[in-house]
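Below is one structure, written out as C-alpha cells; the observations come after it.
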Amino acid sequence: MEPIEIGLIVSAGMLVLVILGMRVAFAAGLAGLVGLVWIFWAKRGYDSEQFVWALTVAVKTAGQVPHSKVSSQALSLIPTFILIGYLAYYAGLTKALFEAAKRWLAWVPGGLAVSTVFATAGFAAVSGASVATSAVFARIAIPEMLAIGYDKRFAAGVVAAGGTLASLIPPSAILVIYAIIVEQDVGKLLLAGFIPGVFSAIIYAMLIIGMAMTIKGFGPPVSGFTWRERFASLPPALPIVIVVFTIIFFVYNPFGGDAFGTPTEGGAIGAFVVFVMAVWHGMRWSELKDSLMETAKLTVMIFTIIWGVLIYVRFLGFAQLPDAFSNWITSLTVSPMLILVCILLAYAVLGMFMDAIGMLLLTLPVVYPAVMALNGGELVSAADSTFGMSGPMCAIWFGILVVKMAEFCLITPPIGLNCFVVAGVRDDLTVQDVFRGVTPFFLADAATIALLVAFPAIVLWLPSQA
Amino acid sequence: MAGSALLLSDDSTLSKIDQSLNKVEAFLALLSGLAVFVLMLLAVFSVSGRNFFNQPLPGYVDWIEQAMPLIAFMGIAYVQRNGGHIRMDMVVGALRGRPLYLVEIITTLAILILMILLVWGTWAHFLRSFDFSAIMWSRDSSMDIALPIWPAKLLAPVAFFTLCLRLVLQIWAYGRAFIRNDETPIAVPLIADAAAQAAEEAGHVSGHDT
Amino acid sequence: VEWNVSVWGKRRAFTEHVEKLAELVKEKSGGDFTLNISYGGLSKNRENLDGISIGAFEMAQFCAGYHRDKNPSITVLELPFLGVSSLEQEIELSMAVYNHPAVKDDLSRWNATLLMPSPLPQYNIVGIGDAPKSLEEFKGLTVRATGGIGAAMKTIGAVPTSMSATEVRQAMDSGVVKAVSFAPHAHMSFGTIENAKWWTTNLNPGTVNCPVVVNTDALDSLSDKNREALLGSVDESLAHYVDYYNNKTMKAWGPALEERGIEKITFTDDQIASFKEAAAAPAAKAWIEDNTANGLPAQELYDLVTGMIAAKK
Ligand code: NA
Ligand code: NA
C-alpha cells in the first residue's frame with residue numbers, strides 16, 4: 001500500500017474515534033502512532049518478525065514529539081497570555097471595562113449585549129487568548145444581561161462570540177503561532193489583526209442592534225446614565241491602557257526604534273503589570289492560586305492538543321501527504337480565488353471538529369505553501385501576483401483570514417471551545433444552550449470574512465504603514 | 001470554575017482512591033501554574049536586564065525551554081480527571097446507561113494504550129539524553145549555557161504515568177457502573193446534561209468538587 | 001531501496017550536496033536506490049541524531065553546536081579562530097576528524113556513521129540597531145551564536161542567545177537577539193538581512209560543523225553496488241557543493257547587502273588580534289579539559305586539527 005493511502009485510511013480512523021467521543025488530543029496522537037507503525041512495518045514488507053521493530057521505531061519516534069515540540073520559547077506565550085486573562089479578572093479590569101462600556105453604549109437597542117461586545121474587544125487588547133476572555137466575561141456580563149431579561153442562551157452566545165475577538169486584536173497567541181509556523185514577521189501580523197478585530201466587533205454590534213429592533217422581547221436598552229456617571233466610569237478602566245501600551249511597545253515601537261522585546265516577553269510583562277494591579281486591588285493567595293490553576297488547566301489542555309496533533313503531523317510527514325497536497329492544489333486549473341474560497345470553506349468544516357491551534361498546526365504546513373504558490377511565490381511583487389499583493393503581504397492577509405476562520409471554529413458545534421468554557425462557568429447553561437445562542441453570530445462572521453476577502457486593504461493598510 | 005466538571009463521590013474504595021489520586025494530580029497541576037508564574041518573572045528579569053542595565057539574562061531561552069515541559073505536562077492527569085481535554089460529545093451525549101459506559105470504556109482504553117506506549121517512547125527519549133558516566137549525567141544539553149536536558153525530558157514519562165493511573169481508575173469506574181448498571185457513575189466526569197441533572201437532584205451539595 | 005533523509009529549512013546552498021548525492025545515487029544504482037529528502041517533515045533539526053539512532057530515517061544532517069553533549073568529539077571543529085581559510089580545507093579537516101577512531105566511537109552511540117561535512121565559510125555577524133564599531137561595544141549585545149563562536153562572543157562580553165536556525169528570523173525581528181552569526185547563505189535563506197542594519201566583514205570567529213550521517217545498520221545492509229553508489233558519490237557531491245557555494249552564494253552576497261543598504265563594519269588588525277587572544281586559547285583549553293574529563297582523547301583531536309592547519313601555512 002502506498003504511504004498516501006495509509007495516510008488517508010488512518011485519517012478516517014481518527015475521525016471515527018473523534019466522533020465516538022475520544023478526547024481529540026489523544027485521538028490524533030493514537031492515529032499518528034498507529035500510522036507510524038503501519039508505515040515502518042510496510043517498509044519491512046509486513047514481515048511478522050519485523051512488527052516489533054516497526055512498533056519500537058514508531059513508539060520512539062512519537063515519543064520524541066511531546067518534549068521536543070513543547071519546549072519552545074515561541075510557544076511560551078500561550079500560558080502567559082492565558083494568565084493575563086485570569087489575573088485581569090481579579091484586578092477588577094474586566095468589571096471596570098464592562099461598566100464603562102455599559103454606561104456609554106447601553107442606550108442603543110440591544111444595548112447591554114452591544115456593550116458586552118465592545119468590552120470584550122477592549123479586553124482583547126490585553127488578553128491573547130479567546131477562551132480565557134470568554135471565561136472571565138461569562139462571570140461578569142451574563143448575570144447582568146439575565147437580570148434585565150435577555151434570553152440566557154443569547155447572553156451566553158454574545159460572550160462566546162465576543163471572546164473570539166481576543167485572537168484578532170493584538171496581542172494574540174494564535175497569530176503568533178501562525179507567524180511561527182509560516183516564518184513571517186510577528187510584529188506586522190499582530191498589527192494586521194487590529195483593524196479586522198475592531199471591524200468584527202462593529203459587525204457583531206450591528207447584528208445585535210438589528211436583532212433587537214426586529215425581535216420582540218429582546219433585552220431592553222439601558223438608558224439614564226448621566227454624563228457625570230459616564231466619565232466617572234473611565235478612570236477605573238484606565239489601567240487597561242497602561243497594559244495595552246506595555247504590550248504594544250513589545251510588538252512594535254511606534255517611535256521607530258527597536259521593539260522592547262518579543263511579543264512573548266510583552267505577554268509576560270503585561271501579565272506582570274496586571275499581577276501588580278491585582279495585588280493592589282486586593283488579590284489574595286487563594287485567588288492567585290485559583291488563577292494559576294485555571295491557567296494551568298487551559299494551558300495543559302492546549303499543549304496536549306499541540307503534541308497530540310503533532311504526532312499525527314509527524315506521521316503525515318512520513319506519509320508524504322503535504323507534498324502530495326501542495327502539488328495537487330497547484331496543478332488545478334480553476335481560478336485561484338475560487339481555490340482560496342474553497343480552502344476557507346474547508347477550514348469552516350474542519351474547524352467544526354478541531355480546536356483552533358490544532359487545526360492550524362495540522363493544515364498550515366500543507367496549505368500555506370500552496371496558497372503562497374497560488375499568489376506567485378514568496379518573493380512575488382504586487383504587480384506580478386495573482387491576488388494583487390506581494391508575497392509577504394499575502395502571508396499576512398492569509399494569516400488574518402485563517403485566524404478568523406480558526407476563531408469561527410471556536411464557536412461552531414460540536415467542538416467549539418469558547419462555548420464549552422462559557423457553559424463550564426455557568427451551572428445553568430448546557431453546551432447546547434450556548435451553541436444555540438451563538439448561532440446568529442455565524443452570519444456576522446461569514447460577512448466579516450467575505451469583506452476581508454473582497455477588500456484585503458482592511459487587513460493590509462496598517463501593516464503596510466509600519 | 002471554568003471547565004470543571006461534576007464528579008460524584010461515595011464511600012467506596014474506588015472513590016477513596018480517586019480522591020487521594022486527585023490530591024497528587026491537583027498538586028502537579030499547581031506546579032504547572034506556578035511554572036507559568038515563574039516564566040512571567042523570568043521575562044521581567046530578562047527584559048529589565050536587557051533594556052535598563054544592558055545586561056541580558058544569559059541562557060534566557062534555555063531556561064524557558066526547560067520550564068515549558070513543566071507547564072505543558074504536569075497537569076495532564078488533573079485535566080483528564082475533570083473532563084477538561086476537549087471532545088465531541090454528540091454521540092456520548094445521546095447515550096445513557098450501559099451503552100454510554102461501554103463507549104467510554106472503549107475510548108478510555110484507547111487513550112490508555114496510547115499513553116502506555118508514550119510512556120515507553122518518552123522514557124526512551126529521556127534515556128538517550130541521560131548517561132550515568134557523563135558530567136551532570138548529561139548526554140544532551142541546551143545551546144547557550146549547556147543545561148542538561150534530561151530533567152525536562154524526564155517530566156514527560158512521569159506526567160504520562162500519572163495519566164495512566166488516572167485512566168486505569170476511570171476504566172475501573174466505568175466498568176463498575178456498567179456491571180451495576182448505575183444511573184450516575186462515581187469518580188468520572190459526568191457529561192453536561194447528566195451533570196446538570198445530578199446537580200439539581202443533589203441540590204449542589206454532594207461531590208461538587210473543584 | 002528507499003532511504004529517508006531528514007534535513008531542515010528550505011533547499012539552499014547548505015543542502016546542495018545532499019541533493020546532488022540523491023541525484024548521483026539514483027543514477028549510479030540505475031534507479032534501484034533512492035534518497036527521499038524531507039525538509040523538516042521527519043524530525044526537528046535538534047533531534048536528527050535521535051531519529052538516526054532510533055532508525056526512523058537512514059540519513060540526516062545536523063550541526064554539532066546544537067547539542068554538544070550528543071557529539072562532543074566533533075565540536076573540536078567549532079573552536080574559535082582555528083584559522084581555516086577555505087571550504088576545501090574545511091572538508092579536509094572534517095574528514096580527518098570524522099575518520100578518527102575516537103570520533104567514530106562517539107557517533108556509534110547513535111548508531112551513526114559520518115558521511116561528509118557541510119563545509120561553511122567563516123561566520124560573520126549581521127545585526128539590527130547601532131553597529132558595534134569596537135570590541136568594547138559588543139558588551140551586552142545579544143547574539144545568536146552557537147558552539148565555539150558563542151564561547152568566543154562571550155569573551156568580549158556579548159550574550160549568546162541561541163535557537164535553531166529556523167527560529168532566528170523571529171528572534172531577531174522581535175528583539176530577543178540584536179545580532180546573528182551565520183554563514184552568508186544562511187543570512188540570505190533565513191532572512192536575517194531583511195531588516196538588518198550592519199554586517200561585520202572580517203570578525204571571522206570560526207564556523208560550525210554540520211555533518212551528514214547515515215544509520216550504520218542501514219549502511220551495512222546495502223548491497224555492495226548500492227553502497228558503492230553512495231560512498232563513491234560523496235566526493236563529487238562535495239565538489240558540487242563547493243562550486244555552488246563559491247560561485248552562486250558568494251556572488252549573490254555582496255549585491256544582497258548593497259541592495260538593502262547594509263553597513264559594512266570592518267575591524268582593524270589590532271582589534272581582531274586582541275579578540276583572538278581573548279577568545280581562542282581559553283576556549284581551546286576549556287574544551288580540552290572538559291572533554292578529557294568525559295573520556296575523549298581531546299588533546300589528540302585538538303592537535304590533529306591544529307597540526308593540519310599549521311602544515312598548510
Ligand atoms: Na488579543
Ligand atoms: Na468548532
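As shown in the C-alpha cells, the chain order sets the letters A, B, ...; within each chain, residues go from 1, and ligands are also counted from 1 in the order they appear.
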
Throw together the list of residues within 10 Å of ligand 1, counting only C-alpha atoms and all ligand atoms, and drop it here as JSON, numbers by chain. {"A": [81, 85, 120, 121, 122, 123, 124, 125, 126, 127, 128, 129, 130, 133, 163, 164, 165, 166, 167, 168, 169, 170, 171, 172, 173, 174, 175, 190, 193, 194, 197, 244]}

Chain C residues near chain A (9 Å cut-off, only C-alpha atoms) as JSON, numbers by chain: {"C": [2, 4, 38, 40, 41, 42, 43, 44, 46, 47, 50, 51, 54, 55, 56, 128, 129, 163, 166, 167, 169, 170, 171, 172, 173, 174, 175, 176, 177]}

Distance query range 283-293 of chain A at most 10 Å, only C-alpha atoms, self and fewer than 3 positions along chain excluded, as a PyMOL selection string: (chain A and resi 79+82-92+275-280+296-299) or (chain B and resi 1+26-27+29-37+75)

Chain B residues near chain C (12 Å cut-off, only C-alpha atoms) as a PyMOL selection string: chain B and resi 43+46-47+49-65+121+124-150

Closest to chain B among A:Gly63, A:Gly376, A:Pro369, A:Gly266, using only C-alpha atoms?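 Once distances to chain B are computed over only C-alpha atoms, the minimum belongs to A:Gly63.
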
Within 7 Å of ligand 2 (counting only C-alpha atoms and all ligand atoms), which residues show up? I'd like them as a PDB file with all heavy atoms, in the first residue's frame.
ATOM      1  N   GLY A 351     -12.927  23.031  11.056  1.00  0.00           N
ATOM      2  CA  GLY A 351     -12.994  23.745  12.324  1.00  0.00           C
ATOM      3  C   GLY A 351     -14.098  23.244  13.223  1.00  0.00           C
ATOM      4  O   GLY A 351     -14.042  23.402  14.437  1.00  0.00           O
ATOM      5  N   MET A 352     -15.117  22.640  12.631  1.00  0.00           N
ATOM      6  CA  MET A 352     -16.186  22.097  13.458  1.00  0.00           C
ATOM      7  C   MET A 352     -15.665  20.974  14.342  1.00  0.00           C
ATOM      8  O   MET A 352     -16.104  20.803  15.468  1.00  0.00           O
ATOM      9  CB  MET A 352     -17.325  21.587  12.573  1.00  0.00           C
ATOM     10  CG  MET A 352     -18.047  22.699  11.836  1.00  0.00           C
ATOM     11  SD  MET A 352     -19.192  22.087  10.598  1.00  0.00           S
ATOM     12  CE  MET A 352     -20.452  21.395  11.649  1.00  0.00           C
ATOM     13  N   PHE A 353     -14.704  20.209  13.822  1.00  0.00           N
ATOM     14  CA  PHE A 353     -14.244  19.022  14.543  1.00  0.00           C
ATOM     15  C   PHE A 353     -12.927  19.222  15.270  1.00  0.00           C
ATOM     16  O   PHE A 353     -12.439  18.343  15.945  1.00  0.00           O
ATOM     17  CB  PHE A 353     -14.100  17.843  13.573  1.00  0.00           C
ATOM     18  CG  PHE A 353     -15.363  17.556  12.841  1.00  0.00           C
ATOM     19  CD1 PHE A 353     -15.572  18.041  11.560  1.00  0.00           C
ATOM     20  CD2 PHE A 353     -16.377  16.828  13.455  1.00  0.00           C
ATOM     21  CE1 PHE A 353     -16.757  17.795  10.900  1.00  0.00           C
ATOM     22  CE2 PHE A 353     -17.558  16.590  12.800  1.00  0.00           C
ATOM     23  CZ  PHE A 353     -17.749  17.074  11.516  1.00  0.00           C
ATOM     24  N   MET A 354     -12.318  20.389  15.086  1.00  0.00           N
ATOM     25  CA  MET A 354     -10.983  20.594  15.655  1.00  0.00           C
ATOM     26  C   MET A 354     -11.009  21.823  16.541  1.00  0.00           C
ATOM     27  O   MET A 354     -11.897  22.634  16.450  1.00  0.00           O
ATOM     28  CB  MET A 354      -9.968  20.876  14.543  1.00  0.00           C
ATOM     29  CG  MET A 354      -9.754  19.792  13.544  1.00  0.00           C
ATOM     30  SD  MET A 354      -8.611  18.534  14.081  1.00  0.00           S
ATOM     31  CE  MET A 354      -7.248  19.471  14.725  1.00  0.00           C
ATOM     32  N   ASP A 355      -9.978  21.980  17.350  1.00  0.00           N
ATOM     33  CA  ASP A 355      -9.836  23.263  18.007  1.00  0.00           C
ATOM     34  C   ASP A 355      -8.904  24.105  17.145  1.00  0.00           C
ATOM     35  O   ASP A 355      -8.271  23.612  16.216  1.00  0.00           O
ATOM     36  CB  ASP A 355      -9.274  23.076  19.407  1.00  0.00           C
ATOM     37  CG  ASP A 355      -7.786  23.177  19.395  1.00  0.00           C
ATOM     38  OD1 ASP A 355      -7.165  22.344  18.718  1.00  0.00           O
ATOM     39  OD2 ASP A 355      -7.255  24.089  20.008  1.00  0.00           O
ATOM     40  N   CYS A 409     -14.188  28.653  14.343  1.00  0.00           N
ATOM     41  CA  CYS A 409     -14.325  27.268  14.800  1.00  0.00           C
ATOM     42  C   CYS A 409     -14.382  27.181  16.322  1.00  0.00           C
ATOM     43  O   CYS A 409     -14.767  26.149  16.863  1.00  0.00           O
ATOM     44  CB  CYS A 409     -13.247  26.366  14.210  1.00  0.00           C
ATOM     45  SG  CYS A 409     -11.749  26.261  15.146  1.00  0.00           S
ATOM     46  N   LEU A 410     -14.045  28.271  17.014  1.00  0.00           N
ATOM     47  CA  LEU A 410     -14.167  28.271  18.475  1.00  0.00           C
ATOM     48  C   LEU A 410     -15.626  28.345  18.923  1.00  0.00           C
ATOM     49  O   LEU A 410     -15.939  28.108  20.082  1.00  0.00           O
ATOM     50  CB  LEU A 410     -13.406  29.454  19.078  1.00  0.00           C
ATOM     51  CG  LEU A 410     -11.896  29.356  19.094  1.00  0.00           C
ATOM     52  CD1 LEU A 410     -11.286  30.628  19.639  1.00  0.00           C
ATOM     53  CD2 LEU A 410     -11.449  28.182  19.943  1.00  0.00           C
ATOM     54  N   ILE A 411     -16.518  28.750  17.995  1.00  0.00           N
ATOM     55  CA  ILE A 411     -17.926  28.855  18.391  1.00  0.00           C
ATOM     56  C   ILE A 411     -18.840  27.914  17.600  1.00  0.00           C
ATOM     57  O   ILE A 411     -20.053  27.957  17.767  1.00  0.00           O
ATOM     58  CB  ILE A 411     -18.434  30.311  18.265  1.00  0.00           C
ATOM     59  CG1 ILE A 411     -18.180  30.890  16.876  1.00  0.00           C
ATOM     60  CG2 ILE A 411     -17.811  31.184  19.334  1.00  0.00           C
ATOM     61  CD1 ILE A 411     -18.820  32.240  16.650  1.00  0.00           C
ATOM     62  N   THR A 412     -18.249  27.085  16.713  1.00  0.00           N
ATOM     63  CA  THR A 412     -19.116  26.171  15.954  1.00  0.00           C
ATOM     64  C   THR A 412     -19.198  24.805  16.633  1.00  0.00           C
ATOM     65  O   THR A 412     -18.197  24.297  17.123  1.00  0.00           O
ATOM     66  CB  THR A 412     -18.602  25.968  14.514  1.00  0.00           C
ATOM     67  OG1 THR A 412     -17.226  25.606  14.555  1.00  0.00           O
ATOM     68  CG2 THR A 412     -18.781  27.214  13.689  1.00  0.00           C
ATOM     69  N   PRO A 413     -20.396  24.216  16.658  1.00  0.00           N
ATOM     70  CA  PRO A 413     -20.533  22.863  17.190  1.00  0.00           C
ATOM     71  C   PRO A 413     -19.920  21.853  16.223  1.00  0.00           C
ATOM     72  O   PRO A 413     -19.772  22.185  15.050  1.00  0.00           O
ATOM     73  CB  PRO A 413     -22.047  22.678  17.273  1.00  0.00           C
ATOM     74  CG  PRO A 413     -22.623  23.601  16.247  1.00  0.00           C
ATOM     75  CD  PRO A 413     -21.656  24.756  16.147  1.00  0.00           C
ATOM     76  N   PRO A 414     -19.604  20.670  16.632  1.00  0.00           N
ATOM     77  CA  PRO A 414     -19.743  20.163  18.001  1.00  0.00           C
ATOM     78  C   PRO A 414     -18.570  20.497  18.926  1.00  0.00           C
ATOM     79  O   PRO A 414     -18.713  20.341  20.122  1.00  0.00           O
ATOM     80  CB  PRO A 414     -19.818  18.651  17.788  1.00  0.00           C
ATOM     81  CG  PRO A 414     -19.031  18.417  16.549  1.00  0.00           C
ATOM     82  CD  PRO A 414     -19.226  19.609  15.685  1.00  0.00           C
ATOM     83  N   ILE A 415     -17.420  20.915  18.352  1.00  0.00           N
ATOM     84  CA  ILE A 415     -16.304  21.253  19.228  1.00  0.00           C
ATOM     85  C   ILE A 415     -16.022  22.735  19.099  1.00  0.00           C
ATOM     86  O   ILE A 415     -15.313  23.158  18.201  1.00  0.00           O
ATOM     87  CB  ILE A 415     -15.056  20.419  18.883  1.00  0.00           C
ATOM     88  CG1 ILE A 415     -15.352  18.971  19.191  1.00  0.00           C
ATOM     89  CG2 ILE A 415     -13.856  20.899  19.676  1.00  0.00           C
ATOM     90  CD1 ILE A 415     -14.196  18.052  19.015  1.00  0.00           C
ATOM     91  N   GLY A 416     -16.629  23.538  19.951  1.00  0.00           N
ATOM     92  CA  GLY A 416     -16.392  24.972  19.951  1.00  0.00           C
ATOM     93  C   GLY A 416     -15.968  25.355  21.350  1.00  0.00           C
ATOM     94  O   GLY A 416     -16.770  25.461  22.265  1.00  0.00           O
ATOM     95  N   LEU A 417     -14.677  25.548  21.490  1.00  0.00           N
ATOM     96  CA  LEU A 417     -14.086  25.667  22.821  1.00  0.00           C
ATOM     97  C   LEU A 417     -14.698  26.788  23.654  1.00  0.00           C
ATOM     98  O   LEU A 417     -14.965  26.624  24.838  1.00  0.00           O
ATOM     99  CB  LEU A 417     -12.590  25.918  22.636  1.00  0.00           C
ATOM    100  CG  LEU A 417     -11.684  25.243  23.623  1.00  0.00           C
ATOM    101  CD1 LEU A 417     -12.078  23.808  23.805  1.00  0.00           C
ATOM    102  CD2 LEU A 417     -10.264  25.356  23.142  1.00  0.00           C
TER     103      LEU A 417
END

What is the CA of Val136 in chain A to CA of Leu93 in chain A distance in Å? 10.5 Å

Compile the contact shell of Thr246 in chain A as a list in words: residues with an atom at most 8 Å away, counting only C-alpha atoms, same-chain residues fewer than 3 positions apart removed. Ile242, Val243, Phe249, Phe250, Gly266, Ile269 and Gly270 of chain A

Members of range 18-253 of chain C assigned helix (DSSP H, G or I) by DSSP, as a VMD selection string: chain C and resid 18 to 28 45 to 54 64 to 66 72 to 78 87 to 98 101 to 108 135 to 138 147 to 155 165 to 173 184 to 189 216 to 220 224 to 231 234 to 253
